[in-house]
Structures are given as structure tokens and as C-alpha cells.
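One structure is given here, and the rest of the page talks about it.
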Amino acid sequence: MDEDLIPIATSLTLLALPLGAYGISYDIYTCKLEDDPPLGFRTWISAMIYSELGTLLHCDGFHWVQYSIWAYDNVDAMDAYWSMLGLLDACPPGKLESTVKGLSLHHVSDWVFNVTDEIQVGGAYSPRLQGPTPAGLVSPDIPAALPPLPWRPPLHTRRSEPAMNVANWRV
């Protein structure tokens, strides 16, 4: 890719940003991967494009944070931006640019606002269960009991024999 492709205003902005942690996040339209042509690629495993993008970012020094979010803790903004544009090299050619829903670079000024541990059950913001929770998702150190009868699974839970079995839930 030619450096002249980056608009001068973008280049100047990137050069003015500090060395630090930068993240790249992306989202892909699954239907454009899985639908039949002419509306999609008819990809039999849509996860392959995510794997390809992850490999490219990992090779550039980024580490996986979650889902489609990658970060590099000690990089300059221009290098991070080039890594983002380098995702256009994903195979096969043309797939990313025709299926991308969103692609962005962000500066992470302070990781202290990553509250993942605090919001998970048992953390500072979620010290106990807030509602019926599958038993296998409840840590042994969390106070929990069987739900009261009569039993109804949480809203949006698909009906199945295990879903209807009260022994598979905790409150």
C-alpha cells in the first residue's frame, strides 16, 4: 500500500498522537459471508475471516483482548494505523472490504476503565446473582440456590429439556 493513500490530515493527526496503547476493532456482516451469491460469498465457515484478521494483527504485535478487539500496548499511532490498513491483505482479496461492518483504531489512554473483572459475577459491581443463571456458569464461591418452584426459565431462553430442568439453574 502506498503511503500517499493516507490523507495528509490523517497523517498529521496520527503523528501528533502519543506512543502508547492502541486498539483495533472490527465487525463483519455475517450474512455477506454466508449468503449465496450474488448477495454473499457462501463461506462455509464464517470464522475463517476472523482467524485471518487475527493472524495478521498478531503478526504485527497486537494481542487479542476479546472477540474482534486487538490491542498493542507500546506502539505509535502511525504503525497501528498501518496495521489496521494491512488487514486489507486478508485472503481472499476483496472479502474484507466487501463484508466489513466497522473497522476502527482507538487510543487506549488508561486501561483502568476495563471493568470486566468487576462486572463478572463475584466482582465489585456484581457480588451476587441478579437472576436465574445456568448452574455451570456460577462459581462455587458465589452463594446460590435452586430457583423456587414453579419454574420458568429467563426471558429469551429457548425451550429444551435441560433449559426446563430447575436443577440446571441457580439464583
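Lettering and numbering for the C-alpha cells are positional, with chains as A, B, ... in the shown order, residues counted from 1 in each chain, and ligands counted from 1 in the shown order.
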Which residues of range 97-165 of chain A come within 6 Å of range 2-24 of chain A, and what is each one's closest atom pair and distance in Å (one decimal), counting only C-alpha atoms, sorted by chain and residue number, as a tab-separated table?
```
residue	atom	partner	partner_atom	distance
A:Ser104	CA	A:Ile24	CA	5.7
A:Leu105	CA	A:Ile24	CA	4.6
A:His106	CA	A:Gly23	CA	5.1
A:His107	CA	A:Tyr22	CA	4.5
A:Val108	CA	A:Ala21	CA	5.2
```
Could you write those residues out with all heavy atoms, as a PDB file, in the first residue's frame?
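Contents of again_38.pdb, as written:
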```
ATOM      1  N   SER A 104     -12.061   0.138  13.174  1.00  0.00           N
ATOM      2  CA  SER A 104     -11.589   1.376  13.787  1.00  0.00           C
ATOM      3  C   SER A 104     -10.328   1.166  14.611  1.00  0.00           C
ATOM      4  O   SER A 104     -10.054   0.077  15.098  1.00  0.00           O
ATOM      5  CB  SER A 104     -12.686   1.991  14.662  1.00  0.00           C
ATOM      6  OG  SER A 104     -13.039   1.108  15.698  1.00  0.00           O
ATOM      7  N   LEU A 105      -9.599   2.254  14.733  1.00  0.00           N
ATOM      8  CA  LEU A 105      -8.402   2.329  15.564  1.00  0.00           C
ATOM      9  C   LEU A 105      -8.739   3.256  16.720  1.00  0.00           C
ATOM     10  O   LEU A 105      -9.361   4.303  16.518  1.00  0.00           O
ATOM     11  CB  LEU A 105      -7.235   2.910  14.754  1.00  0.00           C
ATOM     12  CG  LEU A 105      -5.955   3.221  15.528  1.00  0.00           C
ATOM     13  CD1 LEU A 105      -5.248   1.931  15.930  1.00  0.00           C
ATOM     14  CD2 LEU A 105      -5.028   4.080  14.681  1.00  0.00           C
ATOM     15  N   HIS A 106      -8.370   2.872  17.918  1.00  0.00           N
ATOM     16  CA  HIS A 106      -8.628   3.740  19.060  1.00  0.00           C
ATOM     17  C   HIS A 106      -7.421   3.762  19.986  1.00  0.00           C
ATOM     18  O   HIS A 106      -6.706   2.775  20.129  1.00  0.00           O
ATOM     19  CB  HIS A 106      -9.895   3.322  19.810  1.00  0.00           C
ATOM     20  CG  HIS A 106     -10.012   1.847  20.024  1.00  0.00           C
ATOM     21  ND1 HIS A 106     -10.553   1.008  19.082  1.00  0.00           N
ATOM     22  CD2 HIS A 106      -9.652   1.058  21.048  1.00  0.00           C
ATOM     23  CE1 HIS A 106     -10.518  -0.229  19.528  1.00  0.00           C
ATOM     24  NE2 HIS A 106      -9.970  -0.225  20.710  1.00  0.00           N
ATOM     25  N   HIS A 107      -7.186   4.918  20.582  1.00  0.00           N
ATOM     26  CA  HIS A 107      -6.121   5.098  21.562  1.00  0.00           C
ATOM     27  C   HIS A 107      -6.684   4.750  22.932  1.00  0.00           C
ATOM     28  O   HIS A 107      -7.727   5.260  23.332  1.00  0.00           O
ATOM     29  CB  HIS A 107      -5.631   6.551  21.534  1.00  0.00           C
ATOM     30  CG  HIS A 107      -4.557   6.825  22.528  1.00  0.00           C
ATOM     31  ND1 HIS A 107      -4.621   7.872  23.413  1.00  0.00           N
ATOM     32  CD2 HIS A 107      -3.390   6.192  22.783  1.00  0.00           C
ATOM     33  CE1 HIS A 107      -3.547   7.875  24.171  1.00  0.00           C
ATOM     34  NE2 HIS A 107      -2.788   6.865  23.805  1.00  0.00           N
ATOM     35  N   VAL A 108      -6.010   3.871  23.637  1.00  0.00           N
ATOM     36  CA  VAL A 108      -6.434   3.486  24.981  1.00  0.00           C
ATOM     37  C   VAL A 108      -5.589   4.294  25.956  1.00  0.00           C
ATOM     38  O   VAL A 108      -4.428   3.971  26.200  1.00  0.00           O
ATOM     39  CB  VAL A 108      -6.254   1.968  25.216  1.00  0.00           C
ATOM     40  CG1 VAL A 108      -6.740   1.576  26.604  1.00  0.00           C
ATOM     41  CG2 VAL A 108      -6.960   1.176  24.137  1.00  0.00           C
TER      42      VAL A 108
END
```
Write down as a PDB file with N, CA, C and O atoms, in the first residue's frame the residues belonging to chain A that are assigned strand (DSSP E) by DSSP computed on the backbone.
```pdb
ATOM      1  N   GLY A  20       1.812   4.678  22.826  1.00  0.00           N
ATOM      2  CA  GLY A  20       1.006   4.097  23.890  1.00  0.00           C
ATOM      3  C   GLY A  20       0.227   2.895  23.431  1.00  0.00           C
ATOM      4  O   GLY A  20       0.611   2.211  22.482  1.00  0.00           O
ATOM      5  N   ALA A  21      -0.884   2.658  24.094  1.00  0.00           N
ATOM      6  CA  ALA A  21      -1.736   1.515  23.774  1.00  0.00           C
ATOM      7  C   ALA A  21      -2.772   1.919  22.736  1.00  0.00           C
ATOM      8  O   ALA A  21      -3.470   2.919  22.899  1.00  0.00           O
ATOM      9  N   TYR A  22      -2.847   1.124  21.664  1.00  0.00           N
ATOM     10  CA  TYR A  22      -3.825   1.356  20.610  1.00  0.00           C
ATOM     11  C   TYR A  22      -4.576   0.055  20.362  1.00  0.00           C
ATOM     12  O   TYR A  22      -4.013  -1.028  20.438  1.00  0.00           O
ATOM     13  N   GLY A  23      -5.845   0.202  20.084  1.00  0.00           N
ATOM     14  CA  GLY A  23      -6.668  -0.954  19.803  1.00  0.00           C
ATOM     15  C   GLY A  23      -7.241  -0.884  18.402  1.00  0.00           C
ATOM     16  O   GLY A  23      -7.449   0.199  17.854  1.00  0.00           O
ATOM     17  N   ILE A  24      -7.456  -2.035  17.832  1.00  0.00           N
ATOM     18  CA  ILE A  24      -8.137  -2.147  16.545  1.00  0.00           C
ATOM     19  C   ILE A  24      -9.345  -3.048  16.781  1.00  0.00           C
ATOM     20  O   ILE A  24      -9.232  -4.121  17.372  1.00  0.00           O
ATOM     21  N   SER A  25     -10.501  -2.571  16.354  1.00  0.00           N
ATOM     22  CA  SER A  25     -11.716  -3.379  16.475  1.00  0.00           C
ATOM     23  C   SER A  25     -12.396  -3.448  15.122  1.00  0.00           C
ATOM     24  O   SER A  25     -12.300  -2.518  14.316  1.00  0.00           O
ATOM     25  N   TYR A  26     -13.069  -4.555  14.880  1.00  0.00           N
ATOM     26  CA  TYR A  26     -13.733  -4.739  13.589  1.00  0.00           C
ATOM     27  C   TYR A  26     -14.984  -5.582  13.776  1.00  0.00           C
ATOM     28  O   TYR A  26     -15.134  -6.308  14.743  1.00  0.00           O
ATOM     29  N   ASP A  27     -15.873  -5.453  12.830  1.00  0.00           N
ATOM     30  CA  ASP A  27     -17.081  -6.269  12.796  1.00  0.00           C
ATOM     31  C   ASP A  27     -17.377  -6.562  11.333  1.00  0.00           C
ATOM     32  O   ASP A  27     -17.182  -5.714  10.468  1.00  0.00           O
ATOM     33  N   ILE A  28     -17.841  -7.762  11.071  1.00  0.00           N
ATOM     34  CA  ILE A  28     -18.097  -8.232   9.708  1.00  0.00           C
ATOM     35  C   ILE A  28     -19.574  -8.605   9.597  1.00  0.00           C
ATOM     36  O   ILE A  28     -20.147  -9.181  10.519  1.00  0.00           O
ATOM     37  N   HIS A  63      -2.169  -8.049  20.590  1.00  0.00           N
ATOM     38  CA  HIS A  63      -2.665  -9.195  21.353  1.00  0.00           C
ATOM     39  C   HIS A  63      -4.189  -9.129  21.392  1.00  0.00           C
ATOM     40  O   HIS A  63      -4.778  -8.062  21.360  1.00  0.00           O
ATOM     41  N   TRP A  64      -4.781 -10.309  21.468  1.00  0.00           N
ATOM     42  CA  TRP A  64      -6.238 -10.435  21.459  1.00  0.00           C
ATOM     43  C   TRP A  64      -6.791  -9.996  22.799  1.00  0.00           C
ATOM     44  O   TRP A  64      -6.336 -10.445  23.847  1.00  0.00           O
ATOM     45  N   VAL A  65      -7.788  -9.115  22.794  1.00  0.00           N
ATOM     46  CA  VAL A  65      -8.435  -8.648  24.015  1.00  0.00           C
ATOM     47  C   VAL A  65      -9.754  -9.402  24.203  1.00  0.00           C
ATOM     48  O   VAL A  65      -9.970 -10.031  25.230  1.00  0.00           O
ATOM     49  N   GLN A  66     -10.633  -9.324  23.224  1.00  0.00           N
ATOM     50  CA  GLN A  66     -11.889 -10.065  23.238  1.00  0.00           C
ATOM     51  C   GLN A  66     -12.531  -9.967  21.869  1.00  0.00           C
ATOM     52  O   GLN A  66     -12.385  -8.974  21.183  1.00  0.00           O
ATOM     53  N   ILE A  69     -11.530  -7.487  19.070  1.00  0.00           N
ATOM     54  CA  ILE A  69     -10.774  -6.351  19.593  1.00  0.00           C
ATOM     55  C   ILE A  69      -9.358  -6.820  19.889  1.00  0.00           C
ATOM     56  O   ILE A  69      -9.145  -7.786  20.616  1.00  0.00           O
ATOM     57  N   TRP A  70      -8.409  -6.094  19.322  1.00  0.00           N
ATOM     58  CA  TRP A  70      -6.993  -6.390  19.487  1.00  0.00           C
ATOM     59  C   TRP A  70      -6.297  -5.137  19.983  1.00  0.00           C
ATOM     60  O   TRP A  70      -6.718  -4.029  19.667  1.00  0.00           O
ATOM     61  N   ALA A  71      -5.225  -5.287  20.753  1.00  0.00           N
ATOM     62  CA  ALA A  71      -4.510  -4.133  21.299  1.00  0.00           C
ATOM     63  C   ALA A  71      -3.005  -4.350  21.219  1.00  0.00           C
ATOM     64  O   ALA A  71      -2.519  -5.479  21.195  1.00  0.00           O
ATOM     65  N   TYR A  72      -2.307  -3.231  21.166  1.00  0.00           N
ATOM     66  CA  TYR A  72      -0.850  -3.210  21.183  1.00  0.00           C
ATOM     67  C   TYR A  72      -0.487  -2.174  22.231  1.00  0.00           C
ATOM     68  O   TYR A  72      -0.896  -1.021  22.139  1.00  0.00           O
ATOM     69  N   ASP A  73       0.246  -2.575  23.261  1.00  0.00           N
ATOM     70  CA  ASP A  73       0.466  -1.715  24.413  1.00  0.00           C
ATOM     71  C   ASP A  73       1.560  -0.661  24.267  1.00  0.00           C
ATOM     72  O   ASP A  73       1.594   0.274  25.045  1.00  0.00           O
ATOM     73  N   ASN A  74       2.453  -0.776  23.342  1.00  0.00           N
ATOM     74  CA  ASN A  74       3.545   0.186  23.225  1.00  0.00           C
ATOM     75  C   ASN A  74       3.878   0.406  21.754  1.00  0.00           C
ATOM     76  O   ASN A  74       4.871  -0.096  21.252  1.00  0.00           O
ATOM     77  N   VAL A  75       3.048   1.191  21.099  1.00  0.00           N
ATOM     78  CA  VAL A  75       3.191   1.391  19.656  1.00  0.00           C
ATOM     79  C   VAL A  75       2.838   2.838  19.336  1.00  0.00           C
ATOM     80  O   VAL A  75       2.122   3.491  20.095  1.00  0.00           O
ATOM     81  N   VAL A 100     -17.100  -5.793   5.497  1.00  0.00           N
ATOM     82  CA  VAL A 100     -16.826  -5.093   6.763  1.00  0.00           C
ATOM     83  C   VAL A 100     -18.015  -4.227   7.185  1.00  0.00           C
ATOM     84  O   VAL A 100     -18.602  -3.514   6.385  1.00  0.00           O
ATOM     85  N   LYS A 101     -18.393  -4.355   8.443  1.00  0.00           N
ATOM     86  CA  LYS A 101     -19.436  -3.523   9.033  1.00  0.00           C
ATOM     87  C   LYS A 101     -18.802  -2.333   9.740  1.00  0.00           C
ATOM     88  O   LYS A 101     -19.340  -1.238   9.751  1.00  0.00           O
ATOM     89  N   GLY A 102     -17.648  -2.550  10.352  1.00  0.00           N
ATOM     90  CA  GLY A 102     -16.940  -1.492  11.052  1.00  0.00           C
ATOM     91  C   GLY A 102     -15.494  -1.872  11.256  1.00  0.00           C
ATOM     92  O   GLY A 102     -15.168  -3.039  11.462  1.00  0.00           O
ATOM     93  N   LEU A 103     -14.608  -0.892  11.177  1.00  0.00           N
ATOM     94  CA  LEU A 103     -13.184  -1.088  11.408  1.00  0.00           C
ATOM     95  C   LEU A 103     -12.657   0.210  11.986  1.00  0.00           C
ATOM     96  O   LEU A 103     -12.820   1.272  11.377  1.00  0.00           O
ATOM     97  N   SER A 104     -12.061   0.138  13.174  1.00  0.00           N
ATOM     98  CA  SER A 104     -11.589   1.376  13.787  1.00  0.00           C
ATOM     99  C   SER A 104     -10.328   1.166  14.611  1.00  0.00           C
ATOM    100  O   SER A 104     -10.054   0.077  15.098  1.00  0.00           O
ATOM    101  N   LEU A 105      -9.599   2.254  14.733  1.00  0.00           N
ATOM    102  CA  LEU A 105      -8.402   2.329  15.564  1.00  0.00           C
ATOM    103  C   LEU A 105      -8.739   3.256  16.720  1.00  0.00           C
ATOM    104  O   LEU A 105      -9.361   4.303  16.518  1.00  0.00           O
ATOM    105  N   HIS A 106      -8.370   2.872  17.918  1.00  0.00           N
ATOM    106  CA  HIS A 106      -8.628   3.740  19.060  1.00  0.00           C
ATOM    107  C   HIS A 106      -7.421   3.762  19.986  1.00  0.00           C
ATOM    108  O   HIS A 106      -6.706   2.775  20.129  1.00  0.00           O
ATOM    109  N   HIS A 107      -7.186   4.918  20.582  1.00  0.00           N
ATOM    110  CA  HIS A 107      -6.121   5.098  21.562  1.00  0.00           C
ATOM    111  C   HIS A 107      -6.684   4.750  22.932  1.00  0.00           C
ATOM    112  O   HIS A 107      -7.727   5.260  23.332  1.00  0.00           O
ATOM    113  N   VAL A 108      -6.010   3.871  23.637  1.00  0.00           N
ATOM    114  CA  VAL A 108      -6.434   3.486  24.981  1.00  0.00           C
ATOM    115  C   VAL A 108      -5.589   4.294  25.956  1.00  0.00           C
ATOM    116  O   VAL A 108      -4.428   3.971  26.200  1.00  0.00           O
ATOM    117  N   THR A 133     -29.490 -18.155  36.673  1.00  0.00           N
ATOM    118  CA  THR A 133     -28.236 -18.310  35.933  1.00  0.00           C
ATOM    119  C   THR A 133     -27.958 -19.800  35.768  1.00  0.00           C
ATOM    120  O   THR A 133     -28.138 -20.561  36.724  1.00  0.00           O
ATOM    121  N   PRO A 134     -27.520 -20.229  34.556  1.00  0.00           N
ATOM    122  CA  PRO A 134     -27.171 -21.642  34.391  1.00  0.00           C
ATOM    123  C   PRO A 134     -26.142 -22.074  35.442  1.00  0.00           C
ATOM    124  O   PRO A 134     -25.157 -21.367  35.690  1.00  0.00           O
ATOM    125  N   TRP A 169     -30.217 -24.674  37.073  1.00  0.00           N
ATOM    126  CA  TRP A 169     -30.225 -23.227  37.305  1.00  0.00           C
ATOM    127  C   TRP A 169     -29.917 -22.896  38.764  1.00  0.00           C
ATOM    128  O   TRP A 169     -30.126 -23.700  39.654  1.00  0.00           O
ATOM    129  N   ARG A 170     -29.415 -21.652  38.963  1.00  0.00           N
ATOM    130  CA  ARG A 170     -29.162 -21.144  40.308  1.00  0.00           C
ATOM    131  C   ARG A 170     -29.664 -19.721  40.401  1.00  0.00           C
ATOM    132  O   ARG A 170     -29.673 -18.985  39.418  1.00  0.00           O
TER     133      ARG A 170
END
```
Long-range neighbours of Tyr125 in chain A as a PDB file with N, CA, C and O atoms, in the first residue's frame, 10 Å cut-off, only C-alpha atoms, 5 positions minimum in chain:
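So the final result, stored in out-v8.pdb, reads:
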```pdb
ATOM      1  N   VAL A 115     -13.483  -2.820  33.043  1.00  0.00           N
ATOM      2  CA  VAL A 115     -14.188  -3.279  34.237  1.00  0.00           C
ATOM      3  C   VAL A 115     -14.670  -4.727  34.122  1.00  0.00           C
ATOM      4  O   VAL A 115     -15.553  -5.144  34.867  1.00  0.00           O
ATOM      5  N   THR A 116     -14.080  -5.486  33.238  1.00  0.00           N
ATOM      6  CA  THR A 116     -14.516  -6.863  33.018  1.00  0.00           C
ATOM      7  C   THR A 116     -14.575  -7.650  34.322  1.00  0.00           C
ATOM      8  O   THR A 116     -15.604  -8.256  34.645  1.00  0.00           O
ATOM      9  N   ASP A 117     -13.485  -7.661  35.075  1.00  0.00           N
ATOM     10  CA  ASP A 117     -13.463  -8.443  36.320  1.00  0.00           C
ATOM     11  C   ASP A 117     -14.484  -7.936  37.327  1.00  0.00           C
ATOM     12  O   ASP A 117     -15.079  -8.717  38.066  1.00  0.00           O
ATOM     13  N   GLU A 118     -14.701  -6.622  37.368  1.00  0.00           N
ATOM     14  CA  GLU A 118     -15.619  -6.043  38.344  1.00  0.00           C
ATOM     15  C   GLU A 118     -17.089  -6.326  38.030  1.00  0.00           C
ATOM     16  O   GLU A 118     -17.913  -6.386  38.926  1.00  0.00           O
ATOM     17  N   ILE A 119     -17.439  -6.491  36.737  1.00  0.00           N
ATOM     18  CA  ILE A 119     -18.849  -6.727  36.414  1.00  0.00           C
ATOM     19  C   ILE A 119     -19.202  -8.208  36.336  1.00  0.00           C
ATOM     20  O   ILE A 119     -20.366  -8.563  36.351  1.00  0.00           O
ATOM     21  N   GLN A 120     -18.198  -9.082  36.258  1.00  0.00           N
ATOM     22  CA  GLN A 120     -18.497 -10.507  36.252  1.00  0.00           C
ATOM     23  C   GLN A 120     -19.030 -10.913  37.621  1.00  0.00           C
ATOM     24  O   GLN A 120     -18.710 -10.291  38.639  1.00  0.00           O
TER      25      GLN A 120
END
```
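As for CA of Ala90 in chain A and CA of Asp60 in chain A, they are spaced 13.4 Å apart.
Considering only C-alpha atoms, the residue among A:Leu96, A:Cys31, A:Leu87, A:Ala135 positioned nearest to Pro162 in chain A is A:Ala135.
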With a distance cut-off of 12 Å and only C-alpha atoms, select the neighbouring residues of Pro148 in chain A, excluding the residue or stretch itself and same-chain residues fewer than 5 positions from it, and output the selection as a VMD selection string. chain A and resid 131 to 132 153 166 to 167 169 to 171
File of the preceding selection, N, CA, C and O atoms, as a PDB file, in the first residue's frame:
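Dumped to result-v3.pdb:
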```pdb
ATOM      1  N   GLY A 131     -30.270 -12.860  38.819  1.00  0.00           N
ATOM      2  CA  GLY A 131     -31.429 -13.585  38.317  1.00  0.00           C
ATOM      3  C   GLY A 131     -31.038 -15.025  38.047  1.00  0.00           C
ATOM      4  O   GLY A 131     -29.899 -15.427  38.302  1.00  0.00           O
ATOM      5  N   PRO A 132     -31.962 -15.824  37.538  1.00  0.00           N
ATOM      6  CA  PRO A 132     -31.640 -17.217  37.239  1.00  0.00           C
ATOM      7  C   PRO A 132     -30.435 -17.308  36.295  1.00  0.00           C
ATOM      8  O   PRO A 132     -30.370 -16.611  35.286  1.00  0.00           O
ATOM      9  N   PRO A 153     -37.847 -20.557  32.934  1.00  0.00           N
ATOM     10  CA  PRO A 153     -36.513 -20.055  32.580  1.00  0.00           C
ATOM     11  C   PRO A 153     -36.569 -18.570  32.238  1.00  0.00           C
ATOM     12  O   PRO A 153     -37.629 -18.018  31.957  1.00  0.00           O
ATOM     13  N   VAL A 166     -35.088 -27.439  36.460  1.00  0.00           N
ATOM     14  CA  VAL A 166     -34.736 -26.485  37.508  1.00  0.00           C
ATOM     15  C   VAL A 166     -33.370 -26.779  38.120  1.00  0.00           C
ATOM     16  O   VAL A 166     -32.685 -25.875  38.595  1.00  0.00           O
ATOM     17  N   ALA A 167     -32.940 -28.037  38.116  1.00  0.00           N
ATOM     18  CA  ALA A 167     -31.641 -28.403  38.697  1.00  0.00           C
ATOM     19  C   ALA A 167     -30.461 -27.799  37.914  1.00  0.00           C
ATOM     20  O   ALA A 167     -29.349 -27.751  38.437  1.00  0.00           O
ATOM     21  N   TRP A 169     -30.217 -24.674  37.073  1.00  0.00           N
ATOM     22  CA  TRP A 169     -30.225 -23.227  37.305  1.00  0.00           C
ATOM     23  C   TRP A 169     -29.917 -22.896  38.764  1.00  0.00           C
ATOM     24  O   TRP A 169     -30.126 -23.700  39.654  1.00  0.00           O
ATOM     25  N   ARG A 170     -29.415 -21.652  38.963  1.00  0.00           N
ATOM     26  CA  ARG A 170     -29.162 -21.144  40.308  1.00  0.00           C
ATOM     27  C   ARG A 170     -29.664 -19.721  40.401  1.00  0.00           C
ATOM     28  O   ARG A 170     -29.673 -18.985  39.418  1.00  0.00           O
ATOM     29  N   VAL A 171     -30.078 -19.345  41.618  1.00  0.00           N
ATOM     30  CA  VAL A 171     -30.487 -17.959  41.903  1.00  0.00           C
ATOM     31  C   VAL A 171     -29.765 -17.500  43.153  1.00  0.00           C
ATOM     32  O   VAL A 171     -29.292 -18.295  43.935  1.00  0.00           O
TER      33      VAL A 171
END
```
